[in-house]
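Visitor: Shown below is the structure under consideration.
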Amino acid sequence: MATLARSEVLAPDRAARARPRIPPGVGVLPGTLLIVLALLGPLALMLRYSFNRFVPGELMVEGLTLANYAKFLHDSFYRDVLLTTLWVAALSTLICLVLGFPVAYALVRQVGPRWKSKLLILIILPLLMGNAVRTAAWMVILGDKGLLAALLSGVGLTPPRLMYTPTAVVIGLVSVTLPFMIVTLQSVLERIDPVLEEAAESLGAGHLTILRRVVLPLALPGLLAGTMLCFILSMNAYATPVLIGGPQFHMMAPEVYQQVAKAMNWPFGAALAFVLMSVTLVLTTTANVLVQRRYRRWSE
Amino acid sequence: MRADLSLDRFSPTRRQALLGGAAAVLTAGAGREARAAPGTVVVSNWGGDWNQRTVRFVETPLVEAQGLTVVRDLGMEPERKAKLLAERRLRRGSIDVIHLNDSDGFEMMKQDVLADLDRSRIPNYGDVVPALRKDYFVPWLYSGVVIIYNKDKIKDPPKSYAELWDKRWAGRLGLTNQLYFNYMMMSGLIQGGNMTSVDTGRERLVALKELVQPRLYAAHQQLGAALATGEVDIALNYKARGLQWIGEGSPLATQYPKEGAIAITFGAGMPKRAPNPDGAYVYLNAMLDRKAMAELAAASFYAPANGAAELSPELRARIDFSPEEREHLNFPDYAYVSKNTAEWLEWWNKTMAR
Amino acid sequence: MSRAGIRWTYGTILGAVLAFIVLPLVVIVWVSFFANRILAFPASGYTLDWYARALDTDAFRDGFVTSVETALFATAASLALGVPASLGLVRGRFPGRDAVQALLLAPMVVPGIVGGAALFIAFIEVEALLDIQVAGTLGGLLVAHTLIALPWTVRLVSASLASADRAIEEAAASLGAAPLTVLRRVTLPAIRPAIVAAALFSFVISFIDLEKSIFLVGPGRTTLQIALVNYLEWNLDGTVAAVAAVQILIVGTALLVSDRYARLVQAF
């Protein structure tokens, strides 16, 4: 039997190979261009503003000063605003993780295929309300004359004051970020072969052990992605803290708006914006790097 | 599953068409909006009920009836001010008439945004209450910060701002966060006797916080709801708001403070590069129309700036101020406010709104 | 715990969390029929008046139309830019690929209010330099919405591409198919669920946006979210609830319909 040379086997493709190939990498160009022009450019402009001086009644004065950042560092009020933002975001994210994982797992493993789609839509649908209406709904639920109060007093209990508290803000944030967590986790869990869990079960592992030693390590990238997404959304939250948090509750994004639009202090508002974004970026990048390293170790 | 899945949506030609269409939209949008069509008046105003009333009593019967088309930019005043200020350096103007309060109007004038008005083109200006007149501003509806209280629960209300510093109001007083600068000027008024003593008045405010622990609400309608449900029994807000809440069924009454109510005026100005100044003047004059003013007063409970507005005696007695009360109205020192408002906001956030 | 016990536990958690997520939706629709002047429990009566009022308000009608138009455009643009970008990220090999990926996902990290304000001042600068108006135009708004939708497409489509089976593509190529043909008839159909999901999320993200649009709407134009917030400044009554209910009905139906064309389950 004659053996075929490699070139003969591949001959039919010669015509195709003679055509110039467009590297697929080119596809990123239009999107990247949009981002550079519509995101990086404007942000660079805002960064430049953060170095200008603020003169009351004069708006912004061209300058090159670190005064705005210094103001943030030295003023305990603004540091507290950042801290509040951090712990609210962290708490909301944690709750999303704790609630979201079992729900995602149930959707993927426990629920029949007919229901899966419908339940997923049910989870996404409330997002369509928009933050303004959703927070109005929470006002009606948690308010002093709201649903919860009516139910509790109906059975003789005194309803606690929930409106305009950090608790209400966390509830509102969880309500908006939980769907994102569930959807992200669901996508990752979907790709895990159930055979692995069945194998572990047949070897005698209890359910929690299966979760801990089979599912979680494989789902780690998705867990990370979902956590980072929820954390970022919570850090950047504007409508929810403004409408449910009340005037005595301060978070970073509303504070940026206050400075830019109410106090007309664009330099300081810009500085606050960059502090917020830098902190968020540093935290998420660090988490990313740490988890990637751990994950790589596990999968070796 | 269909074997031949239609992917027309993602074919290169369709994609190109989409992008080409996008470019067309972008440039079309740019051209069309730069030019103001003749017969169009672009108005910047608050939304909600405020705008509904403006449309109903002024824009539809008096402006649009004259053949002008009104195009609206509705939103909260911080955004509207910020947008107008940013546009200062451009050659085009986008707004013909901007609705503002008096302090914001002064600030816009100082920032070189508002034009001085030619009063000969606003015949109705002649009837405007003298104390409210300004070169750059058409005053429209005004009111004052008064004491609003539950008349069923409080039989002897405080007759002056200063009387609120009393332990019997502990936990029963409601304030609106939006009016922070009014409250600061109020304590300055009590402490120093004039409208420029906010610095000395601050300690007074802190004392109020410690003595009475007032409840802070984000906006007027939350305070209204709190008064209606009995969460608070006494509040400091515009007389017009108090009358609105009374009209909605709350058992409230208003009390003019002895020191003289801090006045608030809403009105409009014309930006310098207004695309249609002729239309703007028609609009500004229509705002001051006697009949429109009367209807607005009845609907909003604000007092009309036009002294010749045809109000029934009962209505006038309810919403307007008596000559003596009007005499004692305290108007802000606008220059003083403009210089300090940013710092006041910060102090308020750090001290009172905590 | 027995298998049944496990199922029961998951079922309970699923039910409870679903109830929590859906609660605001249910309450808003329920309350849209209340006759109370200020939204409170219990209902003082039931009425359809708020719906009449909502449909009668120009700002809501016009805002709804603008929001839908903007969302549709943002979806199309996000797919047009995001699908090629995902292909480039996953299949391409070029220096700085990680940086480009971070860049394409960056709009998600920027708070809406910051991005919107920054875009506004950039538009003003452009106008000051080139005398072309962008701020307050429809075009400017569309750019902003495409920007916030794009990362979602990139995320969803990249994830799907990364786990797609390349053997089929290689088989097609070895049978003589040109790269574009492979793309059109093998790759894209394989990731169709992800593209549908990307379209869905792009639409939702654009439709619900508030903060990015605040500075970018101009005279005669508003989005539904901005109109709602403006309204809430003055009243907390059933009108807002009625608008929300109508909005959910219309857009929710569109969701259900699009689900029939691609199983969303495989999409994410």
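We label chains A, B, ... in the order they appear in the structure tokens, count residues from 1 in each chain, and number ligands from 1 in the order shown.
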Neighbours of Ala106 of chain A within 9 Å (only C-alpha atoms; same-chain residues fewer than 3 positions away dropped), as a list in words?
Guide: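 Counting only C-alpha atoms, the residues come to Phe101, Pro102, Val103, Arg109, Gln110 and Val111 of chain A; Arg7, Tyr10, Gly11, Ile13 and Leu14 of chain C.
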Visitor: Restricted to C-alpha atoms, what would the selected residues look like written as a JSON list (two decimals), in the first residue's frame?
Guide:
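Result saved to part-v2.json:
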[["chain", "number", "residue", "atom", "x", "y", "z"],
["A", 101, "PHE", "CA", -25.51, 29.09, 44.75],
["A", 102, "PRO", "CA", -28.23, 26.76, 46.03],
["A", 103, "VAL", "CA", -30.72, 28.34, 43.65],
["A", 109, "ARG", "CA", -29.71, 19.67, 38.81],
["A", 110, "GLN", "CA", -33.12, 19.51, 40.37],
["A", 111, "VAL", "CA", -35.49, 21.27, 38.05],
["C", 7, "ARG", "CA", -34.54, 17.75, 46.93],
["C", 10, "TYR", "CA", -33.29, 22.79, 47.52],
["C", 11, "GLY", "CA", -36.92, 23.18, 46.57],
["C", 13, "ILE", "CA", -34.62, 27.50, 49.11],
["C", 14, "LEU", "CA", -35.48, 27.87, 45.44]]
Visitor: DSSP says helix (DSSP H, G or I) for which residues of segment 57-230 of chain C? Put them as a PyMOL selection string?
Guide: chain C and resi 58-91+97-108+112-130+138-162+166-174+179-190+192-207+211-213+224-230
Visitor: Using only C-alpha atoms, pick whichever of C:Leu39, C:Met108, C:Ala164, C:Ala194 has the shortest atom-to-atom distance to chain B.
Guide: C:Leu39
Visitor: Kindly assemble as a Markdown table a list of the chain C residues that lie within 7 Å of chain B, each paired with its nearest atom pair and their distance in Å to one decimal, using only C-alpha atoms, sorted first by chain and then by ascending residue number.
Guide:
| residue | atom | partner | partner_atom | distance |
| --- | --- | --- | --- | --- |
| C:Ala80 | CA | B:Arg15 | CA | 6.0 |
| C:Ile124 | CA | B:Glu87 | CA | 6.9 |
| C:Ala128 | CA | B:Leu90 | CA | 5.7 |
| C:Ile132 | CA | B:Ala30 | CA | 6.6 |
| C:Gln133 | CA | B:Ala30 | CA | 5.3 |
| C:Val134 | CA | B:Ala30 | CA | 6.0 |
| C:Thr137 | CA | B:Gly29 | CA | 5.8 |
| C:Leu138 | CA | B:Gly29 | CA | 5.8 |
| C:Gly139 | CA | B:Leu26 | CA | 4.2 |
| C:Pro189 | CA | B:Leu5 | CA | 7.0 |
| C:Phe215 | CA | B:Glu79 | CA | 6.4 |
| C:Gly218 | CA | B:Asp73 | CA | 6.0 |
| C:Pro219 | CA | B:Asp73 | CA | 4.0 |
| C:Gly220 | CA | B:Arg72 | CA | 4.9 |
| C:Asn230 | CA | B:Gly47 | CA | 5.4 |
| C:Tyr231 | CA | B:Gly48 | CA | 4.5 |
| C:Trp234 | CA | B:Gly48 | CA | 5.9 |
| C:Asn235 | CA | B:Gln221 | CA | 6.3 |
Visitor: Distance cut-off 7 Å, counting only C-alpha atoms - which residues of chain A neighbour chain B? Return them as a ChimeraX atom specification.
Guide: /A:56-57,77,246-248,261-263
Visitor: Please return, as a VMD selection string, all residues of chain A lying within 6 Å of chain C when only C-alpha atoms are considered.
Guide: chain A and resid 13 24 to 25 27 to 28 31 42 to 43 46 103 106 117 126 130 137 145 to 147 175 187 236
Visitor: Between C:Gly96, C:Ile168, C:Ala254, C:Val246, which is the closest to Met129 of chain A once you count only C-alpha atoms?
Guide: C:Val246
Visitor: When you count only C-alpha atoms, which of these residues is closest to Met287 of chain B: B:Tyr302, B:Tyr256, B:Phe57, B:Phe137?
Guide: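 Closest to Met287 of chain B of all the choices is B:Phe57.
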Visitor: In Å to one decimal, how far is atom CA of Val138 of chain B from atom CA of Tyr238 of chain B?
Guide: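 The value is 20.0 Å.
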Visitor: Pick out the residues sitting within 7 Å of Lys239 of chain B, and hand them over as a compact mmCIF listing (two decimals) with N, CA and C atoms, in the first residue's frame; count only C-alpha atoms, and ignore anything fewer than 2 positions along from it in its own chain.
Guide:
# COMPACT_ATOMS: atom_id res chain seq x y z
N SER B 143 -43.57 81.34 47.80
CA SER B 143 -44.13 80.90 49.07
C SER B 143 -43.08 81.14 50.15
N GLY B 144 -43.36 80.72 51.36
CA GLY B 144 -42.40 80.91 52.45
C GLY B 144 -42.36 79.68 53.32
N VAL B 145 -41.24 79.51 54.01
CA VAL B 145 -41.09 78.38 54.92
C VAL B 145 -41.84 78.70 56.20
N VAL B 146 -42.91 77.95 56.44
CA VAL B 146 -43.72 78.20 57.64
C VAL B 146 -43.76 76.94 58.49
N ASN B 237 -41.84 73.65 56.27
CA ASN B 237 -41.82 73.51 54.82
C ASN B 237 -42.56 74.69 54.20
N ARG B 241 -46.79 73.76 50.20
CA ARG B 241 -46.82 72.33 50.44
C ARG B 241 -47.81 71.98 51.53
N GLY B 242 -47.79 72.79 52.59
CA GLY B 242 -48.72 72.54 53.69
C GLY B 242 -50.15 72.57 53.18
N LEU B 243 -50.46 73.58 52.36
CA LEU B 243 -51.82 73.69 51.84
C LEU B 243 -52.14 72.50 50.94
N THR B 254 -51.28 75.82 59.08
CA THR B 254 -49.99 76.48 58.92
C THR B 254 -49.90 77.68 59.85
Visitor: So that I can check the surroundings of Asp144 of chain A, please list as a PyMOL selection string every protein, DNA and RNA residue that reaches within 9 Å of it, counting only C-alpha atoms and ignoring chain neighbours fewer than 4 positions away.
Guide: (chain A and resi 139-140+148-150+159-163) or (chain B and resi 226+229+231) or (chain C and resi 40)
Visitor: Output C-alpha atoms for every residue in the selection just made, as a CSV table (one decimal), in the first residue's frame.
Guide:
chain,number,residue,atom,x,y,z
A,139,MET,CA,-40.7,51.5,49.8
A,140,VAL,CA,-44.2,50.2,49.6
A,148,LEU,CA,-44.7,44.1,55.8
A,149,ALA,CA,-46.1,46.5,58.5
A,150,ALA,CA,-49.6,45.6,57.6
A,159,PRO,CA,-43.3,46.2,62.7
A,160,PRO,CA,-39.7,47.3,62.9
A,161,ARG,CA,-38.6,50.5,61.3
A,162,LEU,CA,-36.9,49.3,58.1
A,163,MET,CA,-37.3,52.2,55.7
B,226,ALA,CA,-45.2,61.1,57.5
B,229,THR,CA,-49.7,58.9,59.0
B,231,GLU,CA,-45.1,59.7,62.2
C,40,ALA,CA,-49.9,52.3,51.4
